[in-house]
Amino acid sequence: MNRREFIQSSSLAFMFTLNMGHIPLMEKESRLRLGGPIFRKTQSPEEWALAVKSYGYRAAYCPLSIGAGLEEIRKYELAAKKHNIIIAEVGAWSNPISPDPKTAFEAFEKCTKSLQLADEIGANCCVNIAGSKNKENWAGPHPENFSNETFDAIVETTRKIIDEVQPTRTFFTLEAMPWIFPESPDSYLRLIKAIDRKAFGVHLDPVNMVVSPAVFFNNGELIKESFKKLGPYIKSCHAKDLVIKEKTYMPQFDEVIPGRGQMDYKVFLQELKRYPDIPLMMEHLSSEEEYKEGADYIQKIEQSA
């Protein structure tokens, strides 16, 4: 980068910072690959990268959708590398094991195309959940979700997705859900062994594995177990928080902004320090202000961890 380009880039970054008011004041430089959605519209790969940096992020969701051209993909990849941003993941949210053949086929197509995009742009992973046997809710509970037949269907479908694309620079990952495989670290290990593909990985979302009050109140141990058993397979993580409702006879949980719940972020961030290039991506919040609150909390904990 020559001097003129540096000045232009620095000026644009400063303007983004003024507009966003988002960069946190940290005592020491963060090594955490924190990321989240970008609310500002951008017109170019450079503007996108500077917008990511203006939030204080060092990781980002894939800025492009299925169908993007190779030239555009390459430009975004180069912009990310220039600004030391990891493109964390391409979402392939769909139900490839649906009992409805049309839904399952469309989901398979979405997964393969999303995995192809992840490979072309150099994202850490393409991520989906396993799906569900529930026809009405693609990510919902169903009596057959924990059957041996469903496990086998997940294995077969995941193999087909990976074999169809044969990625060389990324991984196809499954995110845990409380009502289908994988729902625990050991369930992940069972799937990894059964799928038997080098391009299969783990997308760690500890909140989604909190399936009881016992796990909820000891979630730090769940996080430690996850990294101990799955560490080398983890390609990206989700940052969420959880509260347990009171005055109910059966356990009920609600997602909240990071810092407002009881997930053990001190343990989470200590474990992530051993894997400095694994992104931690916030999701499911409703506004830029909520993401800022979550980011500020996570970065505050990181500074003290």
# chains A, B, ... in the order shown; residues from 1 in each chain; ligands from 1
$ residues_around --residues "Ile161 in chain A" --least-positions-apart "4" --cutoff "7 Å" --atoms "only C-alpha atoms" --output "list in words"
Phe108, Cys111, Thr112, Thr157 and Val165 of chain A
$ residues_around --residues "Pro63 in chain A" --least-positions-apart "3" --cutoff "8 Å" --atoms "only C-alpha atoms" --output "mmCIF file with N, CA and C atoms, in the first residue's frame"
data_model
loop_
_atom_site.group_PDB
_atom_site.id
_atom_site.type_symbol
_atom_site.label_atom_id
_atom_site.label_comp_id
_atom_site.auth_asym_id
_atom_site.auth_seq_id
_atom_site.Cartn_x
_atom_site.Cartn_y
_atom_site.Cartn_z
ATOM 1 N N TRP A 48 -16.526 -2.578 2.963
ATOM 2 C CA TRP A 48 -16.996 -3.659 3.846
ATOM 3 C C TRP A 48 -15.952 -3.978 4.906
ATOM 4 N N ALA A 60 -15.718 -11.940 10.522
ATOM 5 C CA ALA A 60 -16.958 -11.481 9.892
ATOM 6 C C ALA A 60 -17.710 -12.648 9.287
ATOM 7 N N TYR A 76 -13.327 -9.737 -2.310
ATOM 8 C CA TYR A 76 -13.667 -9.737 -0.884
ATOM 9 C C TYR A 76 -12.660 -10.555 -0.082
#
$ closest_residue --among "A:Ile162, A:Cys237, A:Leu32, A:Met250" --to "Leu115 in chain A" --atoms "only C-alpha atoms"
A:Ile162
$ residues_around --residues "Glu221 in chain A" --least-positions-apart "5" --cutoff "9 Å" --atoms "only C-alpha atoms" --output "list in words"
Val215, Ser226 and Val267 of chain A
$ select_by_dssp --residues "range 120-296 of chain A" --states "strand (DSSP E or B)" --output "PyMOL selection string"
chain A and resi 125-129+172-175+177+180+200-204+234-239+241-244+253-256+280-282
$ residues_around --residues "Lys245 in chain A" --least-positions-apart "4" --cutoff "12 Å" --atoms "only C-alpha atoms" --output "VMD selection string"
chain A and resid 213 216 249 to 256 261 to 262
$ residues_around --residues "range 95-105 of chain A" --least-positions-apart "4" --cutoff "10 Å" --atoms "only C-alpha atoms" --output "VMD selection string"
chain A and resid 109 to 111 128 to 139 150 153 to 154 156 to 158 161
$ write_last_selection --atoms "C-alpha atoms" --output "PDB file, in the first residue's frame"
ATOM      1  CA  GLU A 109     -28.465 -27.929  -3.112  1.00  0.00           C
ATOM      2  CA  LYS A 110     -28.198 -25.007  -0.710  1.00  0.00           C
ATOM      3  CA  CYS A 111     -25.599 -26.839   1.379  1.00  0.00           C
ATOM      4  CA  ASN A 128     -25.686 -25.858   9.066  1.00  0.00           C
ATOM      5  CA  ILE A 129     -27.558 -27.807  11.684  1.00  0.00           C
ATOM      6  CA  ALA A 130     -28.247 -31.482  11.017  1.00  0.00           C
ATOM      7  CA  GLY A 131     -31.902 -30.689  10.279  1.00  0.00           C
ATOM      8  CA  SER A 132     -34.996 -32.412  11.632  1.00  0.00           C
ATOM      9  CA  LYS A 133     -37.629 -35.008  10.842  1.00  0.00           C
ATOM     10  CA  ASN A 134     -40.164 -32.316  11.665  1.00  0.00           C
ATOM     11  CA  LYS A 135     -41.998 -31.323   8.462  1.00  0.00           C
ATOM     12  CA  GLU A 136     -43.351 -28.081   9.884  1.00  0.00           C
ATOM     13  CA  ASN A 137     -40.242 -26.784  11.650  1.00  0.00           C
ATOM     14  CA  TRP A 138     -36.926 -27.333   9.866  1.00  0.00           C
ATOM     15  CA  ALA A 139     -35.025 -26.965  13.154  1.00  0.00           C
ATOM     16  CA  THR A 150     -31.789 -40.349  11.759  1.00  0.00           C
ATOM     17  CA  ALA A 153     -29.261 -40.144   7.563  1.00  0.00           C
ATOM     18  CA  ILE A 154     -27.156 -37.300   8.957  1.00  0.00           C
ATOM     19  CA  GLU A 156     -25.005 -40.131   4.698  1.00  0.00           C
ATOM     20  CA  THR A 157     -26.210 -36.619   3.841  1.00  0.00           C
ATOM     21  CA  THR A 158     -23.112 -34.934   5.267  1.00  0.00           C
ATOM     22  CA  ILE A 161     -22.458 -32.783   0.622  1.00  0.00           C
TER      23      ILE A 161
END
$ closest_residue --among "A:Ile85, A:Ile180, A:Ile73, A:Ala295" --to "Asn148 in chain A" --atoms "only C-alpha atoms"
A:Ile180
